[in-house]
>>> print(open('my_file_23.txt').read())   # compact mmCIF, C-alpha atoms
# COMPACT_ATOMS: atom_id res chain seq x y z
CA MET P 210 34.55 -22.34 -59.16
CA LEU P 211 36.77 -20.69 -61.75
CA VAL P 212 38.42 -24.02 -62.56
CA MET P 213 35.00 -25.58 -63.00
CA ILE P 214 33.96 -22.87 -65.44
CA LEU P 215 37.18 -23.15 -67.46
CA THR P 216 36.82 -26.91 -67.58
CA ILE P 217 33.20 -27.26 -68.60
CA GLY P 218 33.01 -23.98 -70.51
CA PRO P 219 34.45 -25.36 -73.81
CA ILE P 220 32.20 -28.38 -73.57
CA PHE P 221 29.09 -26.23 -73.32
CA ALA P 222 30.48 -23.93 -76.03
CA LYS P 223 30.28 -26.77 -78.51
CA LEU P 224 26.74 -27.40 -77.47
CA ILE P 225 25.80 -23.73 -77.45
CA ASP P 226 27.12 -21.65 -80.32
CA SER P 227 25.61 -18.39 -79.06
CA PRO P 228 28.12 -16.18 -77.11
CA SER P 229 25.24 -14.71 -75.11
CA ALA P 230 24.20 -18.15 -74.00
CA MET P 231 27.78 -18.82 -72.90
CA GLY P 232 27.81 -15.57 -70.87
CA LEU P 233 24.51 -16.37 -69.20
CA LEU P 234 25.83 -19.79 -68.26
CA CYS P 235 28.93 -18.26 -66.67
CA ILE P 236 26.82 -15.78 -64.65
CA CYS P 237 24.61 -18.58 -63.36
CA CYS P 238 27.64 -20.62 -62.31
CA LEU P 239 29.18 -17.64 -60.48
CA THR P 240 26.00 -16.66 -58.64
CA PHE P 241 24.70 -20.14 -57.86
CA PRO P 242 26.05 -20.21 -54.27
CA PHE P 243 24.40 -16.85 -53.51
CA TRP P 244 21.02 -17.86 -54.88
CA GLY P 245 21.28 -21.25 -53.22
CA LEU P 246 21.70 -19.65 -49.79
CA TRP P 247 19.56 -16.52 -50.14
CA LEU P 248 16.45 -18.04 -51.73
CA PRO P 249 15.67 -20.56 -48.91
CA TRP P 250 16.35 -17.89 -46.27
CA TYR P 251 14.08 -15.41 -48.06
CA LEU P 252 11.28 -17.96 -48.35
CA PHE P 253 11.64 -18.97 -44.69
CA GLY P 254 11.64 -15.32 -43.54
CA SER P 255 8.51 -14.59 -45.57
CA PHE P 256 6.81 -17.56 -43.95
CA LEU P 257 7.67 -16.32 -40.44
CA GLN P 258 6.45 -12.79 -41.20
CA GLU P 259 3.15 -14.13 -42.46
CA HIS P 260 2.80 -16.46 -39.47
CA PHE P 261 3.37 -13.76 -36.84
CA ARG P 262 1.57 -10.97 -38.65
CA GLY P 263 -1.11 -9.49 -36.40
CA GLN P 264 0.07 -11.39 -33.32
CA LYS P 265 0.81 -9.36 -30.17
CA ASN P 266 4.32 -9.69 -28.79
CA GLU P 267 4.26 -10.63 -25.11
CA PRO P 268 6.48 -8.37 -22.93
CA THR P 269 9.47 -10.03 -21.33
CA LEU P 270 10.17 -9.95 -17.60
CA GLU P 271 12.82 -7.30 -18.23
CA ASP P 272 10.26 -5.17 -20.08
CA LEU P 273 7.78 -5.45 -17.19
CA VAL P 274 10.40 -4.49 -14.61
CA ARG P 275 11.61 -1.55 -16.71
CA ASP P 276 8.13 -0.23 -17.42
CA ALA P 277 6.69 -0.77 -13.92
CA PRO P 278 5.75 2.50 -12.16
CA LYS P 279 8.32 3.51 -9.59
CA LYS P 280 6.95 3.52 -6.03
CA GLN P 281 7.41 6.75 -4.16
CA GLN P 282 9.64 6.32 -1.14
CA VAL P 283 7.87 7.66 1.97
CA MET P 284 10.07 8.63 4.91
CA PHE P 285 8.95 7.81 8.44
CA LYS P 286 8.40 10.77 10.72
CA GLY P 287 8.69 10.53 14.48
CA GLU P 288 9.03 7.45 16.62
CA LYS P 289 8.02 4.05 15.22
CA VAL P 290 6.51 1.29 17.36
CA PRO P 291 8.59 -1.92 16.95
CA ASP P 292 6.52 -4.88 15.73
CA TRP P 293 8.06 -7.23 18.29
CA ARG P 294 6.90 -5.00 21.15
CA ILE P 295 3.23 -5.31 20.23
CA ALA P 296 3.11 -8.83 18.71
CA ALA P 297 1.88 -10.67 21.83
CA ARG P 298 -0.65 -7.98 22.78
CA GLN P 299 -1.92 -7.75 19.20
CA ARG P 300 -2.63 -11.50 18.98
CA ALA P 301 -4.34 -11.59 22.37
CA THR P 302 -6.52 -8.55 21.64
CA LYS P 303 -7.50 -9.99 18.27
CA ALA P 304 -8.70 -13.17 19.99
CA ILE P 305 -10.65 -11.14 22.58
CA LEU P 306 -12.34 -9.10 19.85
CA LYS P 307 -13.38 -12.29 18.08
CA PHE P 308 -14.80 -13.65 21.36
CA LEU P 309 -16.72 -10.43 22.08
CA SER P 310 -18.07 -10.11 18.53
CA TYR P 311 -20.02 -13.38 18.89
CA THR P 312 -22.53 -11.51 21.05
CA ASP P 313 -21.75 -7.86 20.27
CA ASN P 314 -21.04 -6.78 16.69
CA TRP P 315 -19.63 -3.44 17.89
CA PHE P 316 -16.42 -5.37 18.53
CA GLU P 317 -16.05 -6.85 15.05
CA LYS P 318 -12.47 -6.14 14.04
CA LYS P 319 -13.32 -4.83 10.57
CA TYR P 320 -15.99 -2.54 11.98
CA ILE P 321 -13.80 -0.87 14.59
CA SER P 322 -10.91 -0.67 12.11
CA ASP P 323 -13.22 1.21 9.73
CA VAL P 324 -14.33 3.45 12.62
CA ALA P 325 -10.70 4.33 13.38
CA ASP P 326 -9.90 4.93 9.70
CA GLU P 327 -12.85 7.30 9.19
CA ALA P 328 -12.31 9.21 12.44
CA PHE P 329 -8.62 9.72 11.69
CA ARG P 330 -9.31 11.25 8.28
CA LEU P 331 -12.22 13.42 9.50
CA ILE P 332 -10.26 14.95 12.36
CA LYS P 333 -7.18 15.66 10.24
CA GLU P 334 -9.45 17.38 7.71
CA ALA P 335 -11.14 19.41 10.47
CA ILE P 336 -7.81 20.63 11.87
CA GLU P 337 -6.59 21.64 8.42
CA ALA P 338 -9.88 23.41 7.67
CA GLY P 339 -9.76 25.18 11.04
CA SER P 340 -13.29 24.13 11.94
CA ILE P 341 -14.83 21.55 14.28
CA GLN P 342 -17.97 21.41 12.16
CA GLY P 343 -18.67 17.80 11.25
CA ILE P 344 -16.74 16.18 14.10
CA GLU P 345 -18.76 17.32 17.12
CA LYS P 346 -20.60 14.00 17.24
CA ARG P 347 -17.49 11.96 16.52
CA VAL P 348 -15.47 12.83 19.62
CA THR P 349 -15.98 13.04 23.37
CA PRO P 350 -16.45 16.50 24.92
CA GLY P 351 -12.92 16.44 26.34
CA CYS P 352 -11.34 15.52 23.01
CA LEU P 353 -13.45 18.15 21.21
CA GLU P 354 -12.15 20.82 23.57
CA GLU P 355 -8.54 19.82 22.85
CA ILE P 356 -9.12 20.04 19.10
CA ARG P 357 -10.88 23.39 19.49
CA THR P 358 -7.93 24.71 21.50
CA GLU P 359 -5.49 23.54 18.82
CA ILE P 360 -7.52 25.26 16.08
CA LYS P 361 -7.72 28.50 18.10
CA LYS P 362 -3.94 28.47 18.51
CA LEU P 363 -3.46 28.02 14.76
CA ARG P 364 -5.81 30.91 14.02
CA LYS P 365 -3.99 33.14 16.50
CA GLU P 366 -0.67 32.37 14.85
CA ARG P 367 -2.27 32.78 11.40
CA GLU P 368 -1.17 29.29 10.44
CA ILE P 369 -2.73 26.30 8.69
CA HIS P 370 -1.68 22.78 9.62
CA VAL P 371 -1.67 21.00 6.26
CA PHE P 372 -2.17 17.24 6.01
CA GLY P 373 -3.49 16.95 2.47
CA ARG P 374 -5.10 13.61 1.69
CA ALA P 375 -4.44 11.50 4.79
CA GLU P 376 -4.31 7.76 4.14
CA VAL P 377 -4.57 5.13 6.87
CA THR P 378 -2.31 2.20 6.00
CA ASP P 379 -2.90 -0.02 9.04
CA VAL P 380 -4.98 -0.25 12.22
CA ASP P 381 -3.72 -2.48 15.05
CA ILE P 382 -6.10 -2.89 18.00
CA LEU P 383 -3.91 -3.19 21.09
CA HIS P 384 -6.30 -2.65 23.98
CA VAL P 385 -9.94 -3.43 24.71
CA GLU P 386 -11.98 -2.79 27.82
CA ALA P 387 -15.42 -4.39 27.89
CA PRO P 388 -16.53 -4.54 31.55
CA THR P 389 -20.14 -4.51 32.62
CA GLY P 390 -21.88 -1.40 31.31
CA LYS P 391 -21.51 -0.45 27.64
CA GLU P 392 -20.63 3.13 28.53
CA ASN P 393 -17.41 1.73 30.00
CA HIS P 394 -16.33 0.03 26.78
CA THR P 395 -13.20 1.36 25.06
CA PHE P 396 -10.59 0.29 22.57
CA THR P 397 -7.19 1.69 21.65
CA ALA P 398 -5.77 1.40 18.16
CA LEU P 399 -2.29 2.05 16.84
CA ILE P 400 -3.04 3.88 13.58
CA SER P 401 -0.35 3.89 10.91
CA ALA P 402 -0.89 6.54 8.26
CA LYS P 403 0.79 8.71 5.70
CA SER P 404 0.12 12.31 4.76
CA LYS P 405 1.75 15.68 4.47
CA ASP P 406 2.52 17.43 7.74
CA TYR P 407 3.59 21.06 7.53
CA TYR P 408 2.44 24.56 8.49
CA GLU P 409 1.75 27.38 6.05
CA ASP P 410 0.88 31.05 6.32
CA ASP P 411 -2.91 31.43 6.07
CA GLU P 412 -2.56 34.60 3.97
CA ASN P 413 0.11 33.94 1.36
CA GLY P 414 0.43 30.15 1.61
CA ASP P 415 4.18 30.22 2.32
CA VAL P 416 5.55 27.20 4.18
CA ILE P 417 6.42 28.24 7.73
CA ARG P 418 7.52 24.92 9.21
CA GLY P 419 8.14 21.54 7.65
CA ASP P 420 8.03 20.69 3.96
CA LYS P 421 5.53 19.41 1.43
CA LYS P 422 6.77 15.83 1.36
CA THR P 423 4.51 12.93 2.33
CA TYR P 424 5.52 11.16 5.54
CA ALA P 425 4.51 7.95 7.30
CA TYR P 426 3.78 8.12 11.02
CA GLN P 427 1.86 6.44 13.86
CA GLU P 428 -0.50 7.56 16.62
CA PHE P 429 -2.48 5.87 19.40
CA TRP P 430 -6.20 6.61 19.23
CA THR P 431 -8.56 5.62 22.06
CA PHE P 432 -12.31 5.34 21.43
CA ARG P 433 -15.16 5.25 23.94
CA ARG P 434 -18.56 3.72 23.30
CA SER P 435 -21.58 6.01 23.26
CA GLU P 436 -25.21 5.26 22.62
CA LYS P 437 -24.91 5.65 18.85
CA ARG P 438 -21.24 5.23 17.92
CA TRP P 439 -17.63 4.95 19.01
CA LEU P 440 -16.21 8.38 19.91
CA VAL P 441 -12.60 9.51 19.82
CA GLU P 442 -11.52 10.09 23.39
CA LEU P 443 -7.75 10.44 23.34
CA ILE P 444 -4.94 10.85 20.79
CA ARG P 445 -1.41 10.03 21.88
CA PRO P 446 2.03 9.75 20.25
CA PRO P 447 3.80 6.39 19.69
CA GLY P 448 6.12 7.21 22.57
CA ASP P 449 3.21 6.31 24.91
CA LEU P 450 3.53 2.61 24.01
CA ASP P 451 4.54 1.60 27.55
CA PHE P 452 1.43 3.26 28.99
CA VAL P 453 -0.76 1.41 26.50
CA LEU P 454 0.79 -1.99 27.17
CA GLN P 455 0.85 -1.71 30.94
CA GLU P 456 -2.96 -1.61 30.98
CA LYS P 457 -4.32 -5.12 30.38
CA ASN P 458 -7.39 -5.92 28.33
CA VAL P 459 -10.53 -6.04 30.48
CA LEU P 460 -13.46 -8.49 30.51
CA PRO P 461 -16.19 -9.16 33.06
CA LYS P 462 -15.27 -12.09 35.29
CA ILE P 463 -17.90 -14.37 33.79
CA ASP P 464 -16.77 -13.57 30.26
CA LEU P 465 -13.12 -14.10 31.13
CA GLN P 466 -13.96 -17.54 32.51
CA GLU P 467 -15.70 -18.41 29.26
CA PHE P 468 -12.88 -16.97 27.15
CA ALA P 469 -10.28 -18.94 29.13
CA LYS P 470 -11.85 -22.29 28.22
CA ASP P 471 -10.44 -22.23 24.68
CA ALA P 472 -7.93 -19.38 24.74
CA ASP P 473 -4.21 -19.78 24.30
CA PRO P 474 -2.53 -19.54 27.74
CA GLU P 475 -0.36 -16.72 26.36
CA PHE P 476 -3.50 -14.68 25.66
CA LEU P 477 -4.58 -14.91 29.28
CA LYS P 478 -1.49 -12.98 30.28
CA GLU P 479 -2.88 -9.97 28.44
CA VAL P 480 -6.34 -9.79 30.03
CA VAL P 481 -7.83 -9.24 33.49
CA ALA P 482 -11.31 -9.40 34.96
CA LYS P 483 -13.15 -6.32 36.19
>>> encode(input="my_file_23.txt", output="structure tokens")
Amino acid sequence: MLVMILTIGPIFAKLIDSPSAMGLLCICCLTFPFWGLWLPWYLFGSFLQEHFRGQKNEPTLEDLVRDAPKKQQVMFKGEKVPDWRIAARQRATKAILKFLSYTDNWFEKKYISDVADEAFRLIKEAIEAGSIQGIEKRVTPGCLEEIRTEIKKLRKEREIHVFGRAEVTDVDILHVEAPTGKENHTFTALISAKSKDYYEDDENGDVIRGDKKTYAYQEFWTFRRSEKRWLVELIRPPGDLDFVLQEKNVLPKIDLQEFAKDADPEFLKEVVAK
């Protein structure tokens, strides 16, 4: 560049007598590469800013993963029923419920799942509140007496069994008995839920046993049919799985014959006539 200026400078000097003109020419020659590169880049950048102005930037996958709310890890409390142990019974009972619901909507799977969900939450609330008010017509007399005894024991010990907001996460129907006579109809559900589960002093609220964490757990709930609704009859721990599975589903002989016409042979291993 310097050689170019020294070479053409005298030539332009003859053409331009003014020293200021000569200086301006030299400045232009020195800065030409800068202006030649910067000006197109500036114009292109201005164009991009104008084009994207007002447009919303879409978040990247990394942004979504980073900003996603972190799920709270819930520990499992007590014994857990293995899925493989109940798989065959679960499929067979589901098929039996579908067969029964064609003529009796009390056996619709969604309906009895909702029954189990509601009963679970109501009874946990009653135990925590220390009152059977509101559940008298939801349980059998025998079950009501057991709950009343549990509440009396808590009052005597000046304790409150805290569950908080109990949430049912799954309802698996594992046993159905539908012999002749609706008063003999029952079903047993494995209810999976999560809630708090600790004991506190009923005067000062201090934690006596357990902690305030939320835990997942399972229980077997058996319901018996009454004139107006399904009633809770028995509540058992998951350790009673063998007792639940050893009792086969029950249908009247005529219904079992009808069910067997289209049923999977494996399902027939899980049902008897009575």
>>> residues_near_point(input="my_file_23.txt", point="(-7.1, 15.4, 9.2)", cutoff="8 Å", atoms="only C-alpha atoms", output="PyMOL selection string")
chain P and resi 329-337+372-375
>>> atom_distance(input="my_file_23.txt", atom1="atom CA of P:Asp411", atom2="atom CA of P:Glu366")
9.1 Å
>>> residues_around(input="my_file_23.txt", residues="stretch 475-481 of chain P", least_positions_apart="5", cutoff="9 Å", atoms="only C-alpha atoms", output="VMD selection string")
chain P and resid 297 to 298 300 to 302 304 to 305 454 456 to 462 465 468 to 469
>>> residues_around(input="my_file_23.txt", residues="P:Phe396", least_positions_apart="5", cutoff="6 Å", atoms="all atoms listed in the file", output="MDAnalysis selection string")
chainID P and resid 384:385 431:432
>>> atom_distance(input="my_file_23.txt", atom1="atom CA of P:Lys286", atom2="atom CA of P:Val324")
24.0 Å
>>> residues_around(input="my_file_23.txt", residues="P:Pro291", least_positions_apart="2", cutoff="12 Å", atoms="only C-alpha atoms", output="list in words")
Glu288, Lys289, Trp293, Arg294, Ile295, Ala296, Leu399, Gln427, Pro447, Gly448, Leu450 and Asp451 of chain P
>>> write_last_selection(input="my_file_23.txt", atoms="C-alpha atoms", output="PDB file, in the frame of the given file")
ATOM      1  CA  GLU P 288       9.030   7.450  16.620  1.00  0.00           C
ATOM      2  CA  LYS P 289       8.020   4.050  15.220  1.00  0.00           C
ATOM      3  CA  TRP P 293       8.060  -7.230  18.290  1.00  0.00           C
ATOM      4  CA  ARG P 294       6.900  -5.000  21.150  1.00  0.00           C
ATOM      5  CA  ILE P 295       3.230  -5.310  20.230  1.00  0.00           C
ATOM      6  CA  ALA P 296       3.110  -8.830  18.710  1.00  0.00           C
ATOM      7  CA  LEU P 399      -2.290   2.050  16.840  1.00  0.00           C
ATOM      8  CA  GLN P 427       1.860   6.440  13.860  1.00  0.00           C
ATOM      9  CA  PRO P 447       3.800   6.390  19.690  1.00  0.00           C
ATOM     10  CA  GLY P 448       6.120   7.210  22.570  1.00  0.00           C
ATOM     11  CA  LEU P 450       3.530   2.610  24.010  1.00  0.00           C
ATOM     12  CA  ASP P 451       4.540   1.600  27.550  1.00  0.00           C
TER      13      ASP P 451
END
>>> residues_around(input="my_file_23.txt", residues="P:Asp381", least_positions_apart="4", cutoff="7 Å", atoms="only C-alpha atoms", output="MDAnalysis selection string")
chainID P and resid 299 398:400
>>> residues_around(input="my_file_23.txt", residues="P:Leu440", least_positions_apart="6", cutoff="12 Å", atoms="all atoms listed in the file", output="number ranges by chain")
P: 321, 324-325, 327-329, 332, 344-353, 392, 394-397, 430-434
>>> atom_distance(input="my_file_23.txt", atom1="atom CA of P:Leu309", atom2="atom CA of P:Arg438")
16.8 Å
>>> closest_residue(input="my_file_23.txt", among="P:Phe285, P:Val416, P:Ile341, P:His370", to="P:Glu354", atoms="only C-alpha atoms")
P:Ile341
>>> axis_aligned_box(input="my_file_23.txt", around="stretch 461-473 of chain P", padding_each_side="8 Å", output="JSON")
{"center_x": -11.1, "center_y": -15.7, "center_z": 29.8, "size_x": 29.7, "size_y": 29.1, "size_z": 27.0}
>>> closest_residue(input="my_file_23.txt", among="P:Lys361, P:Lys403, P:Lys422, P:Lys483", to="P:Pro388", atoms="all atoms listed in the file")
P:Lys483
>>> closest_residue(input="my_file_23.txt", among="P:Glu442, P:Ile369, P:Leu383, P:Met284", to="P:Ala402", atoms="all atoms listed in the file")
P:Met284
